[in-house]
file data30.tsv (TSV, C-alpha atoms)
chain	number	residue	atom	x	y	z
F	290	MET	CA	25.72	54.36	-8.10
F	291	ASP	CA	29.47	53.75	-8.47
F	292	PHE	CA	29.37	51.66	-5.25
F	293	ASN	CA	26.59	49.50	-6.59
F	294	VAL	CA	28.41	48.94	-9.87
F	295	LYS	CA	31.58	47.97	-8.07
F	296	LYS	CA	29.68	45.61	-5.76
F	297	LEU	CA	27.92	44.08	-8.72
F	298	ALA	CA	31.22	43.58	-10.50
F	299	SER	CA	32.75	42.05	-7.36
F	300	ASP	CA	29.82	39.66	-6.92
F	301	ALA	CA	30.06	38.67	-10.56
F	302	GLY	CA	33.76	37.97	-10.14
F	303	VAL	CA	33.14	35.80	-7.07
F	304	PHE	CA	30.36	33.91	-8.86
F	305	PHE	CA	32.66	33.33	-11.86
F	306	THR	CA	35.53	31.97	-9.76
F	307	ARG	CA	33.16	29.65	-7.92
F	308	ALA	CA	31.73	28.40	-11.19
F	309	VAL	CA	35.21	27.71	-12.53
F	310	GLN	CA	36.21	25.87	-9.36
F	311	TYR	CA	33.02	23.79	-9.38
F	312	THR	CA	33.49	22.87	-13.06
F	313	GLU	CA	37.12	21.88	-12.59
F	314	GLU	CA	36.15	19.72	-9.62
F	315	LYS	CA	33.57	17.91	-11.72
F	316	LEU	CA	36.17	17.38	-14.43
F	317	GLY	CA	38.73	16.14	-11.91
F	318	GLN	CA	41.10	19.05	-12.60
F	319	ALA	CA	40.89	20.63	-9.12
F	320	GLU	CA	41.03	19.42	-5.55
F	321	LYS	CA	37.91	19.55	-3.38
F	322	THR	CA	37.79	20.05	0.37
F	323	GLU	CA	35.75	17.22	1.84
F	324	LEU	CA	33.43	17.72	4.78
F	325	ASP	CA	34.07	15.71	7.93
F	326	ALA	CA	32.28	12.36	8.23
F	327	HIS	CA	29.97	13.51	11.04
F	328	LEU	CA	28.72	16.46	9.00
F	329	GLU	CA	28.23	14.25	5.93
F	330	ASN	CA	26.14	11.81	7.99
F	331	LEU	CA	24.02	14.68	9.33
F	332	ILE	CA	23.41	15.94	5.79
F	333	ALA	CA	22.41	12.47	4.55
F	334	ARG	CA	20.04	12.04	7.51
F	335	ALA	CA	18.51	15.45	6.89
F	336	ASP	CA	17.94	14.67	3.19
F	337	CYS	CA	16.28	11.37	4.12
F	338	THR	CA	14.06	13.13	6.65
F	339	LYS	CA	13.01	15.75	4.15
F	340	ASN	CA	12.22	13.28	1.38
F	341	TRP	CA	10.10	10.96	3.52
F	342	THR	CA	8.39	13.78	5.36
F	343	GLU	CA	7.36	15.25	2.02
F	344	LYS	CA	5.98	11.90	0.80
F	345	ILE	CA	4.08	11.28	4.04
F	346	PHE	CA	2.70	14.82	3.96
F	347	ARG	CA	1.47	14.52	0.36
F	348	GLN	CA	-0.13	11.12	0.88
F	349	THR	CA	-1.82	12.26	4.09
F	350	GLU	CA	-3.29	15.14	2.13
F	351	VAL	CA	-4.66	12.65	-0.39
F	352	LEU	CA	-6.09	10.53	2.42
F	353	LEU	CA	-7.84	13.45	4.07
F	354	GLN	CA	-8.94	15.11	0.82
F	355	PRO	CA	-9.06	12.72	-2.18
F	356	ASN	CA	-10.38	15.44	-4.51
F	357	PRO	CA	-7.40	17.04	-6.36
F	358	SER	CA	-9.38	20.18	-7.24
F	359	ALA	CA	-10.32	20.71	-3.60
F	360	ARG	CA	-6.68	20.28	-2.54
F	361	ILE	CA	-5.55	22.89	-5.08
F	362	GLU	CA	-8.23	25.28	-3.86
F	363	GLU	CA	-7.16	24.79	-0.25
F	364	PHE	CA	-3.53	25.38	-1.27
F	365	PHE	CA	-4.37	28.78	-2.77
F	366	TYR	CA	-6.42	29.75	0.29
F	367	GLU	CA	-3.41	28.95	2.48
F	368	LYS	CA	-1.02	30.93	0.28
F	369	LEU	CA	-3.41	33.90	0.32
F	370	ASP	CA	-3.66	33.54	4.11
F	371	ARG	CA	-7.43	33.24	3.91
F	372	LYS	CA	-9.75	30.96	5.85
F	373	ILE	CA	-10.63	27.77	4.01
F	374	PRO	CA	-14.42	27.57	3.50
F	375	SER	CA	-16.24	24.77	5.30
F	376	ARG	CA	-17.07	21.83	3.03
F	377	THR	CA	-19.98	19.41	3.26
F	378	THR	CA	-18.68	15.86	3.57
F	379	ASN	CA	-19.95	13.14	1.25
F	380	ALA	CA	-21.71	11.37	4.12
F	381	GLU	CA	-23.49	14.57	5.14
F	382	LEU	CA	-24.59	15.15	1.55
F	383	LEU	CA	-25.88	11.58	1.27
F	384	GLY	CA	-27.79	11.99	4.52
F	385	GLN	CA	-29.38	15.20	3.26
F	386	TYR	CA	-30.45	13.50	0.01
F	387	MET	CA	-32.01	10.62	1.94
F	388	GLN	CA	-34.01	12.93	4.16
F	389	ASP	CA	-35.15	15.02	1.18
F	390	ALA	CA	-36.24	11.83	-0.59
F	391	ALA	CA	-38.21	10.77	2.50
F	392	LYS	CA	-40.25	13.96	2.26
F	393	GLU	CA	-41.21	13.06	-1.31
F	394	PHE	CA	-42.02	9.41	-0.55
F	395	GLY	CA	-43.84	10.19	2.67
F	396	ALA	CA	-42.30	10.18	6.13
F	397	GLY	CA	-45.09	7.90	7.37
F	398	THR	CA	-44.26	5.06	4.97
F	399	PRO	CA	-41.82	2.31	6.03
F	400	TYR	CA	-39.36	3.33	3.32
F	401	GLY	CA	-39.65	7.04	4.07
F	402	SER	CA	-39.22	6.66	7.82
F	403	THR	CA	-36.19	4.40	7.29
F	404	LEU	CA	-34.65	6.92	4.92
F	405	ILE	CA	-35.02	9.60	7.58
F	406	THR	CA	-33.33	7.41	10.20
F	407	VAL	CA	-30.46	6.31	7.94
F	408	GLY	CA	-30.02	9.86	6.64
F	409	GLU	CA	-29.65	11.19	10.17
F	410	TYR	CA	-26.95	8.66	10.97
F	411	GLN	CA	-25.16	9.44	7.70
F	412	ARG	CA	-25.05	13.06	8.76
F	413	ARG	CA	-23.62	12.01	12.11
F	414	LEU	CA	-20.95	10.01	10.30
F	415	GLY	CA	-20.19	13.08	8.18
F	416	GLY	CA	-19.86	15.20	11.32
F	417	ALA	CA	-17.41	12.68	12.81
F	418	GLU	CA	-15.43	12.75	9.57
F	419	ARG	CA	-15.32	16.56	9.60
F	420	GLU	CA	-13.99	16.55	13.16
F	421	PHE	CA	-11.35	13.95	12.23
F	422	LEU	CA	-10.20	15.98	9.22
F	423	GLN	CA	-9.87	19.15	11.27
F	424	THR	CA	-7.99	17.43	14.10
F	425	SER	CA	-5.61	15.67	11.72
F	426	ALA	CA	-4.90	18.84	9.76
F	427	ILE	CA	-4.01	20.75	12.93
F	428	ASN	CA	-2.13	18.07	14.85
F	429	PHE	CA	-0.38	16.22	12.01
F	430	LEU	CA	-0.35	18.04	8.68
F	431	THR	CA	0.51	21.48	10.06
F	432	PRO	CA	3.71	20.36	11.89
F	433	LEU	CA	4.91	18.51	8.78
F	434	ARG	CA	4.19	21.56	6.62
F	435	ASN	CA	5.98	23.85	9.08
F	436	PHE	CA	9.09	21.68	8.85
F	437	LEU	CA	9.07	21.58	5.05
F	438	GLU	CA	8.31	25.27	4.56
F	439	GLY	CA	10.21	26.62	7.57
F	440	ASP	CA	12.99	24.57	9.14
F	441	TRP	CA	14.00	22.84	5.94
F	442	LYS	CA	14.24	26.07	3.98
F	443	THR	CA	16.55	27.48	6.66
F	444	ILE	CA	18.71	24.35	6.56
F	445	SER	CA	18.85	24.44	2.76
F	446	LYS	CA	19.89	28.10	2.80
F	447	GLU	CA	22.73	27.45	5.27
F	448	ARG	CA	23.86	24.41	3.28
F	449	ARG	CA	24.09	26.47	0.09
F	450	LEU	CA	26.09	29.07	2.01
F	451	LEU	CA	28.41	26.34	3.30
F	452	GLU	CA	28.96	25.08	-0.24
F	453	ASN	CA	29.87	28.61	-1.35
F	454	ARG	CA	32.32	28.96	1.53
F	455	ARG	CA	33.89	25.65	0.56
F	456	LEU	CA	34.30	26.77	-3.06
F	457	ASP	CA	35.87	30.05	-1.87
F	458	LEU	CA	38.27	28.07	0.32
F	459	ASP	CA	39.31	25.81	-2.53
F	460	VAL	CA	39.77	28.81	-4.84
F	461	CYS	CA	42.14	30.35	-2.26
F	462	LYS	CA	44.05	27.07	-2.00
F	463	ALA	CA	44.45	26.98	-5.76
F	464	ARG	CA	45.67	30.60	-5.83
F	465	LEU	CA	48.25	29.86	-3.15
F	466	LYS	CA	49.61	26.96	-5.17
F	467	LYS	CA	49.87	29.13	-8.27
F	468	ALA	CA	51.53	32.10	-6.50
F	469	LYS	CA	55.20	32.55	-7.43
F	470	LEU	CA	56.23	35.81	-5.86
F	471	ALA	CA	56.54	36.22	-2.10
F	472	GLU	CA	54.13	39.13	-2.06
F	473	ALA	CA	51.55	37.12	-3.99
F	474	LYS	CA	52.01	34.17	-1.66
F	475	ALA	CA	51.52	36.36	1.40
F	476	ALA	CA	48.31	37.81	-0.03
F	477	ALA	CA	47.10	34.32	-0.98
F	478	GLU	CA	47.90	32.98	2.50
F	479	HIS	CA	45.90	35.81	4.09
F	480	GLU	CA	42.91	35.13	1.82
F	481	LEU	CA	43.19	31.44	2.65
F	482	ARG	CA	43.10	32.09	6.41
F	483	VAL	CA	40.03	34.32	6.04
F	484	ALA	CA	38.30	31.77	3.80
F	485	GLN	CA	39.13	28.94	6.23
F	486	THR	CA	37.70	30.90	9.16
F	487	GLU	CA	34.48	31.65	7.30
F	488	PHE	CA	34.18	28.04	6.17
F	489	ASP	CA	34.66	26.69	9.71
F	490	ARG	CA	32.13	29.15	11.12
F	491	GLN	CA	29.54	28.23	8.49
F	492	ALA	CA	30.19	24.51	8.98
F	493	GLU	CA	29.46	24.89	12.69
F	494	VAL	CA	26.21	26.79	12.01
F	495	THR	CA	25.11	24.13	9.53
F	496	ARG	CA	26.05	21.32	11.92
F	497	LEU	CA	23.91	22.81	14.71
F	498	LEU	CA	20.93	23.11	12.40
F	499	LEU	CA	21.32	19.55	11.12
F	500	GLU	CA	21.58	18.16	14.64
F	501	GLY	CA	18.20	19.77	15.27
F	502	ILE	CA	16.72	17.09	12.97
F	503	SER	CA	16.65	14.82	16.03
F	504	SER	CA	14.28	17.25	17.73
F	505	THR	CA	12.20	17.26	14.55
F	506	HIS	CA	11.87	13.49	14.74
F	507	VAL	CA	10.70	13.71	18.35
F	508	ASN	CA	8.12	16.34	17.42
F	509	HIS	CA	6.87	14.34	14.43
F	510	LEU	CA	6.65	11.22	16.61
F	511	ARG	CA	4.34	13.04	19.01
F	512	CYS	CA	2.24	14.29	16.09
F	513	LEU	CA	2.06	10.76	14.69
F	514	HIS	CA	0.66	9.48	17.98
F	515	GLU	CA	-1.97	12.23	17.93
F	516	PHE	CA	-2.89	11.31	14.36
F	517	VAL	CA	-3.36	7.65	15.30
F	518	GLU	CA	-5.47	8.62	18.31
F	519	ALA	CA	-7.64	10.83	16.10
F	520	GLN	CA	-8.08	7.96	13.62
F	521	ALA	CA	-8.95	5.50	16.37
F	522	ALA	CA	-11.50	7.90	17.87
F	523	TYR	CA	-13.04	8.53	14.43
F	524	TYR	CA	-13.44	4.85	13.54
F	525	ALA	CA	-14.74	4.02	17.02
F	526	GLN	CA	-17.33	6.78	16.69
F	527	CYS	CA	-18.36	5.51	13.26
F	528	HIS	CA	-18.64	1.97	14.61
F	529	LYS	CA	-20.87	3.14	17.45
F	530	HIS	CA	-23.09	5.12	15.08
F	531	MET	CA	-23.54	2.07	12.84
F	532	GLN	CA	-24.31	-0.21	15.78
F	533	ASP	CA	-26.93	2.26	17.03
F	534	LEU	CA	-28.39	2.47	13.53
F	535	GLN	CA	-28.62	-1.31	13.22
F	536	LYS	CA	-30.38	-1.56	16.59
F	537	GLU	CA	-32.81	1.20	15.67
F	538	LEU	CA	-33.61	-0.35	12.30
F	539	SER	CA	-34.00	-3.79	13.86
F	540	SER	CA	-36.46	-2.53	16.46
F	541	ALA	CA	-38.36	-0.33	14.00
F	542	THR	CA	-38.64	-2.77	11.09
F	543	GLY	CA	-38.34	-6.16	12.78
F	544	ASP	CA	-41.96	-7.01	11.93
F	545	THR	CA	-42.02	-5.23	8.59
F	546	PHE	CA	-39.68	-7.45	6.56
F	547	PRO	CA	-41.47	-10.79	7.24
F	548	ASN	CA	-44.80	-9.23	6.26
F	549	ALA	CA	-43.24	-7.73	3.16
F	550	PHE	CA	-41.87	-11.13	2.10
F	551	ALA	CA	-45.23	-12.75	2.70
F	552	VAL	CA	-46.94	-10.15	0.53
F	553	ASN	CA	-44.32	-10.64	-2.17
F	554	ALA	CA	-44.83	-14.40	-2.15
F	555	SER	CA	-48.61	-14.08	-2.34
F	556	THR	CA	-48.46	-11.64	-5.25
F	557	SER	CA	-45.64	-13.13	-7.33
F	558	GLY	CA	-45.64	-16.80	-6.39
F	559	VAL	CA	-42.02	-17.13	-7.56
F	560	SER	CA	-39.57	-18.92	-5.27
F	561	ALA	CA	-35.98	-17.67	-4.99
F	562	ASP	CA	-34.81	-21.30	-5.27
F	563	PRO	CA	-35.40	-22.63	-8.82
F	564	SER	CA	-35.71	-26.22	-7.50
F	565	PRO	CA	-39.02	-27.49	-6.07
F	566	PRO	CA	-39.33	-26.76	-2.34
F	567	SER	CA	-38.95	-29.76	-0.07
F	568	THR	CA	-42.21	-30.84	1.50
F	569	ALA	CA	-40.44	-31.07	4.81
F	570	THR	CA	-39.60	-27.37	4.60
F	571	LEU	CA	-42.96	-26.06	3.44
F	572	PRO	CA	-44.28	-23.24	5.69
F	573	GLY	CA	-46.17	-24.64	8.63
F	574	ALA	CA	-45.06	-28.22	7.94
F	575	SER	CA	-43.12	-30.41	10.31
F	576	PRO	CA	-41.46	-33.75	9.56
F	577	THR	CA	-44.25	-35.62	11.33
F	578	SER	CA	-47.09	-33.74	9.62
F	579	ARG	CA	-46.20	-35.40	6.29
F	580	SER	CA	-46.13	-38.98	7.61
F	581	PRO	CA	-49.25	-41.03	6.70
F	582	ASN	CA	-50.11	-42.22	10.22
F	583	PRO	CA	-53.76	-42.62	11.31
F	584	SER	CA	-53.68	-39.72	13.78
F	585	ASN	CA	-52.71	-37.22	11.05
F	586	ALA	CA	-55.38	-38.58	8.76
F	587	LEU	CA	-57.90	-38.21	11.55
F	588	GLU	CA	-56.85	-34.61	12.18
F	589	SER	CA	-56.94	-33.75	8.48
F	590	SER	CA	-60.42	-35.18	8.17
F	591	THR	CA	-61.68	-32.13	9.99
F	592	LEU	CA	-60.73	-30.08	6.94
F	593	LYS	CA	-63.08	-31.62	4.43
F	594	ILE	CA	-63.17	-29.92	1.10
F	595	GLU	CA	-66.92	-29.67	1.31
F	596	GLU	CA	-66.52	-27.53	4.44
F	597	VAL	CA	-64.25	-24.94	2.78
F	598	LYS	CA	-65.91	-21.57	2.87
F	599	PRO	CA	-66.47	-19.55	-0.29
F	600	PRO	CA	-63.59	-17.25	-1.21
F	601	ALA	CA	-63.40	-13.99	0.72
F	602	THR	CA	-61.53	-12.35	-2.13
F	603	GLY	CA	-61.61	-12.64	-5.91
F	604	THR	CA	-60.29	-15.75	-7.61
F	605	ARG	CA	-57.07	-15.72	-9.65
F	606	LYS	CA	-55.50	-17.95	-12.23
F	607	ALA	CA	-52.16	-19.56	-11.35
F	608	LYS	CA	-49.61	-21.58	-13.27
F	609	VAL	CA	-48.15	-24.61	-11.47
F	610	LEU	CA	-44.34	-24.47	-11.40
F	611	TYR	CA	-43.58	-27.95	-10.03
F	612	ASP	CA	-45.33	-31.28	-9.46
F	613	TYR	CA	-46.82	-31.59	-5.99
F	614	ASP	CA	-48.27	-34.65	-4.28
F	615	ALA	CA	-51.02	-33.97	-1.75
F	616	ALA	CA	-50.10	-35.14	1.75
F	617	ASP	CA	-53.70	-35.65	2.84
F	618	SER	CA	-57.29	-35.21	1.70
F	619	SER	CA	-57.27	-31.48	2.53
F	620	GLU	CA	-54.64	-30.77	-0.14
F	621	LEU	CA	-54.76	-30.80	-3.94
F	622	SER	CA	-52.14	-32.62	-6.03
F	623	LEU	CA	-50.56	-30.53	-8.77
F	624	LEU	CA	-48.91	-31.14	-12.15
F	625	ALA	CA	-46.25	-28.79	-13.52
F	626	ASP	CA	-47.41	-26.26	-16.15
F	627	GLU	CA	-51.15	-26.79	-15.56
F	628	LEU	CA	-53.46	-23.84	-14.84
F	629	ILE	CA	-55.68	-23.77	-11.76
F	630	THR	CA	-57.93	-21.27	-10.01
F	631	VAL	CA	-56.83	-20.12	-6.54
F	632	TYR	CA	-58.24	-17.97	-3.77
F	633	THR	CA	-57.81	-17.46	-0.03
F	634	VAL	CA	-60.18	-17.43	2.95
F	635	PRO	CA	-60.09	-15.36	6.15
F	636	GLY	CA	-57.69	-16.67	8.81
F	637	MET	CA	-55.84	-18.92	6.37
F	638	ASP	CA	-52.07	-19.35	6.50
F	639	PRO	CA	-50.68	-16.80	3.95
F	640	ASP	CA	-48.29	-19.47	2.61
F	641	TRP	CA	-51.23	-21.57	1.36
F	642	LEU	CA	-54.14	-20.96	-1.02
F	643	ILE	CA	-57.28	-22.90	-1.93
F	644	GLY	CA	-56.88	-24.38	-5.41
F	645	GLU	CA	-59.64	-25.52	-7.78
F	646	ARG	CA	-59.33	-27.76	-10.83
F	647	GLY	CA	-62.72	-28.68	-12.20
F	648	ASN	CA	-64.65	-30.29	-9.35
F	649	GLN	CA	-61.51	-30.84	-7.25
F	650	LYS	CA	-60.53	-28.49	-4.43
F	651	GLY	CA	-57.78	-28.41	-1.84
F	652	LYS	CA	-54.99	-26.49	-0.22
F	653	VAL	CA	-51.94	-25.75	-2.40
F	654	PRO	CA	-48.59	-24.20	-1.40
F	655	VAL	CA	-47.96	-20.68	-2.73
F	656	THR	CA	-44.28	-21.45	-3.50
F	657	TYR	CA	-45.34	-23.95	-6.19
F	658	LEU	CA	-47.40	-21.35	-8.11
F	659	GLU	CA	-46.97	-18.37	-10.38
F	660	LEU	CA	-49.99	-16.06	-9.99
F	661	LEU	CA	-51.12	-14.79	-13.38
F	662	SER	CA	-53.97	-12.40	-12.69

call {"tool": "encode", "arguments": {"input": "data30.tsv", "output": "structure tokens"}}
result
Amino acid sequence: MDFNVKKLASDAGVFFTRAVQYTEEKLGQAEKTELDAHLENLIARADCTKNWTEKIFRQTEVLLQPNPSARIEEFFYEKLDRKIPSRTTNAELLGQYMQDAAKEFGAGTPYGSTLITVGEYQRRLGGAEREFLQTSAINFLTPLRNFLEGDWKTISKERRLLENRRLDLDVCKARLKKAKLAEAKAAAEHELRVAQTEFDRQAEVTRLLLEGISSTHVNHLRCLHEFVEAQAAYYAQCHKHMQDLQKELSSATGDTFPNAFAVNASTSGVSADPSPPSTATLPGASPTSRSPNPSNALESSTLKIEEVKPPATGTRKAKVLYDYDAADSSELSLLADELITVYTVPGMDPDWLIGERGNQKGKVPVTYLELLS
């Protein structure tokens, strides 16, 4: 017990003398032993390495896991030395939702079958993302973390010890200057030699550790290359998945979208362009079909209104959106805002309807109409 008390008192005395020396140095009342230029450069380089490594590490964590709560949870799992639970990626979750929705809508419908296909590729994208996250965490984040939590802590500890040895050395120098008696000077000179030896030894240990920063840079450079390769592989895999998905959708629904647009036009009658459609661009029309030459008139004469068959489906009322001038005797001229009766016949072009206004009949373009009932 007495030994511990004495050691405690001795340590307190050493701490006090160091504190006094440090304070006097800050106030300019005591001399300070400067480190050699090479060691100072190594320290500055080490501090720079630590600061930027920490920033890169933190931002990479944000890139790989944007959710702060998830990052905190993973941090505690690491500190408790427990395995981090596997997480479902956002793409995998989206894919699962799409496939579940397809079951509700019907897998046999165009929308349902497309949801199943897209959902499967979203899950593949999520799997690629999971693999990228795992590879990056092992090959890039772990080496950076090991440096910050391992090598850097060792360097910091030795640097603090070097600073203490420097303070002890400067305290001994101050005592030697203040010594008056020969016996006191001899004791002070002995303490100074011991302090100088310990300081030089600690400076050498610190220098060797700081020079190891070069090896750290080489290691981090290799890890950076692996991170870039993992990123490139991930994005290439995602690109391939999306190309395959586009091809599959194109082959599966290539004939579906035109039919869907035709149905939409026949049921709504509203054109996406608010201006009247050009007669030269009407479905089924060519620039020559609108010219009033005798051959066209002869061909159109085969479509006499009297020969039009009765409607195969029920008639509907339609509101005319724009004025339309009939190109031949088979068509019916229209005036904006008037109401006409329309119907279709089997085998007729879906972009045209038969229009009736009183005793007049003729073909009318769907894009000029708004179907009312």

call {"tool": "closest_residue", "arguments": {"input": "data30.tsv", "among": "F:Ala417, F:Ala519, F:Leu382, F:Leu324", "to": "F:Ala492", "atoms": "all atoms listed in the file"}}
result
F:Leu324

call {"tool": "residues_around", "arguments": {"input": "data30.tsv", "residues": "F:Arg482", "least_positions_apart": "5", "cutoff": "12 Å", "atoms": "all atoms listed in the file", "output": "list in words"}}
result
Asp457, Leu458, Asp459, Cys461, Lys462, Leu465, Ala475, Ala476, Ala477, Glu487, Phe488 and Asp489 of chain F

call {"tool": "residues_around", "arguments": {"input": "data30.tsv", "residues": "F:Lys321", "least_positions_apart": "3", "cutoff": "10 Å", "atoms": "only C-alpha atoms", "output": "list in words"}}
result
Gln310, Tyr311, Glu313, Glu314, Lys315, Gly317, Gln318, Leu324, Arg455, Leu456, Leu458, Asp459, Val460 and Lys462 of chain F

call {"tool": "write_last_selection", "arguments": {"input": "data30.tsv", "atoms": "C-alpha atoms", "output": "JSON list (two decimals), keeping the file's coordinate frame"}}
result
[["chain", "number", "residue", "atom", "x", "y", "z"],
["F", 310, "GLN", "CA", 36.21, 25.87, -9.36],
["F", 311, "TYR", "CA", 33.02, 23.79, -9.38],
["F", 313, "GLU", "CA", 37.12, 21.88, -12.59],
["F", 314, "GLU", "CA", 36.15, 19.72, -9.62],
["F", 315, "LYS", "CA", 33.57, 17.91, -11.72],
["F", 317, "GLY", "CA", 38.73, 16.14, -11.91],
["F", 318, "GLN", "CA", 41.10, 19.05, -12.60],
["F", 324, "LEU", "CA", 33.43, 17.72, 4.78],
["F", 455, "ARG", "CA", 33.89, 25.65, 0.56],
["F", 456, "LEU", "CA", 34.30, 26.77, -3.06],
["F", 458, "LEU", "CA", 38.27, 28.07, 0.32],
["F", 459, "ASP", "CA", 39.31, 25.81, -2.53],
["F", 460, "VAL", "CA", 39.77, 28.81, -4.84],
["F", 462, "LYS", "CA", 44.05, 27.07, -2.00]]

call {"tool": "closest_residue", "arguments": {"input": "data30.tsv", "among": "F:Leu499, F:Ala468, F:Leu642, F:Leu414", "to": "F:Glu329", "atoms": "all atoms listed in the file"}}
result
F:Leu499

call {"tool": "atom_distance", "arguments": {"input": "data30.tsv", "atom1": "atom CA of F:Ala391", "atom2": "atom CA of F:Tyr524"}}
result
27.8 Å

call {"tool": "closest_residue", "arguments": {"input": "data30.tsv", "among": "F:Ile361, F:Ala333, F:Leu621, F:Ala319", "to": "F:Lys650", "atoms": "only C-alpha atoms"}}
result
F:Leu621

call {"tool": "atom_distance", "arguments": {"input": "data30.tsv", "atom1": "atom CA of F:Leu451", "atom2": "atom CA of F:Thr495"}}
result
7.4 Å

call {"tool": "atom_distance", "arguments": {"input": "data30.tsv", "atom1": "atom CA of F:Gly395", "atom2": "atom CA of F:Ala541"}}
result
16.4 Å

call {"tool": "residues_around", "arguments": {"input": "data30.tsv", "residues": "stretch 402-411 of chain F", "least_positions_apart": "3", "cutoff": "8 Å", "atoms": "all atoms listed in the file", "output": "PyMOL selection string"}}
result
chain F and resi 380-381+383-388+390-391+395-399+414-415+530-531+534+538

call {"tool": "closest_residue", "arguments": {"input": "data30.tsv", "among": "F:His479, F:Glu620, F:Tyr632, F:Leu328", "to": "F:Gly651", "atoms": "only C-alpha atoms"}}
result
F:Glu620

call {"tool": "closest_residue", "arguments": {"input": "data30.tsv", "among": "F:Lys652, F:Lys529, F:Arg448, F:Arg646", "to": "F:Ser618", "atoms": "only C-alpha atoms"}}
result
F:Lys652

call {"tool": "residues_around", "arguments": {"input": "data30.tsv", "residues": "stretch 345-349 of chain F", "least_positions_apart": "5", "cutoff": "9 Å", "atoms": "all atoms listed in the file", "output": "short mmCIF file (atom, residue, chain, number, x, y, z; two decimals) with C-alpha atoms, keeping the file's coordinate frame"}}
result
data_model
loop_
_atom_site.label_atom_id
_atom_site.label_comp_id
_atom_site.auth_asym_id
_atom_site.auth_seq_id
_atom_site.Cartn_x
_atom_site.Cartn_y
_atom_site.Cartn_z
CA ASN F 340 12.22 13.28 1.38
CA GLN F 354 -8.94 15.11 0.82
CA PHE F 429 -0.38 16.22 12.01
CA LEU F 430 -0.35 18.04 8.68
CA LEU F 433 4.91 18.51 8.78
CA ARG F 434 4.19 21.56 6.62
#

call {"tool": "residues_around", "arguments": {"input": "data30.tsv", "residues": "F:Tyr523", "least_positions_apart": "6", "cutoff": "9 Å", "atoms": "all atoms listed in the file", "output": "PyMOL selection string"}}
result
chain F and resi 417-418+420-421

call {"tool": "residues_near_point", "arguments": {"input": "data30.tsv", "point": "(20.3, 18.2, 15.4)", "cutoff": "12 Å", "atoms": "all atoms listed in the file", "output": "JSON, numbers by chain"}}
result
{"F": [327, 328, 330, 331, 332, 334, 335, 338, 440, 444, 493, 494, 495, 496, 497, 498, 499, 500, 501, 502, 503, 504, 505, 506, 507]}

call {"tool": "closest_atom_pairs", "arguments": {"input": "data30.tsv", "of": "stretch 632-655 of chain F", "to": "stretch 603-611 of chain F", "cutoff": "12 Å", "atoms": "only C-alpha atoms", "output": "JSON lines"}}
result
{"residue": "F:Tyr632", "atom": "CA", "partner": "F:Thr604", "partner_atom": "CA", "distance": 4.9}
{"residue": "F:Thr633", "atom": "CA", "partner": "F:Thr604", "partner_atom": "CA", "distance": 8.2}
{"residue": "F:Val634", "atom": "CA", "partner": "F:Gly603", "partner_atom": "CA", "distance": 10.2}
{"residue": "F:Leu642", "atom": "CA", "partner": "F:Thr604", "partner_atom": "CA", "distance": 10.4}
{"residue": "F:Ile643", "atom": "CA", "partner": "F:Thr604", "partner_atom": "CA", "distance": 9.6}
{"residue": "F:Gly644", "atom": "CA", "partner": "F:Ala607", "partner_atom": "CA", "distance": 9.0}
{"residue": "F:Glu645", "atom": "CA", "partner": "F:Lys606", "partner_atom": "CA", "distance": 9.7}
{"residue": "F:Arg646", "atom": "CA", "partner": "F:Lys606", "partner_atom": "CA", "distance": 10.6}
{"residue": "F:Val653", "atom": "CA", "partner": "F:Val609", "partner_atom": "CA", "distance": 9.9}
{"residue": "F:Pro654", "atom": "CA", "partner": "F:Val609", "partner_atom": "CA", "distance": 10.1}
{"residue": "F:Val655", "atom": "CA", "partner": "F:Val609", "partner_atom": "CA", "distance": 9.6}
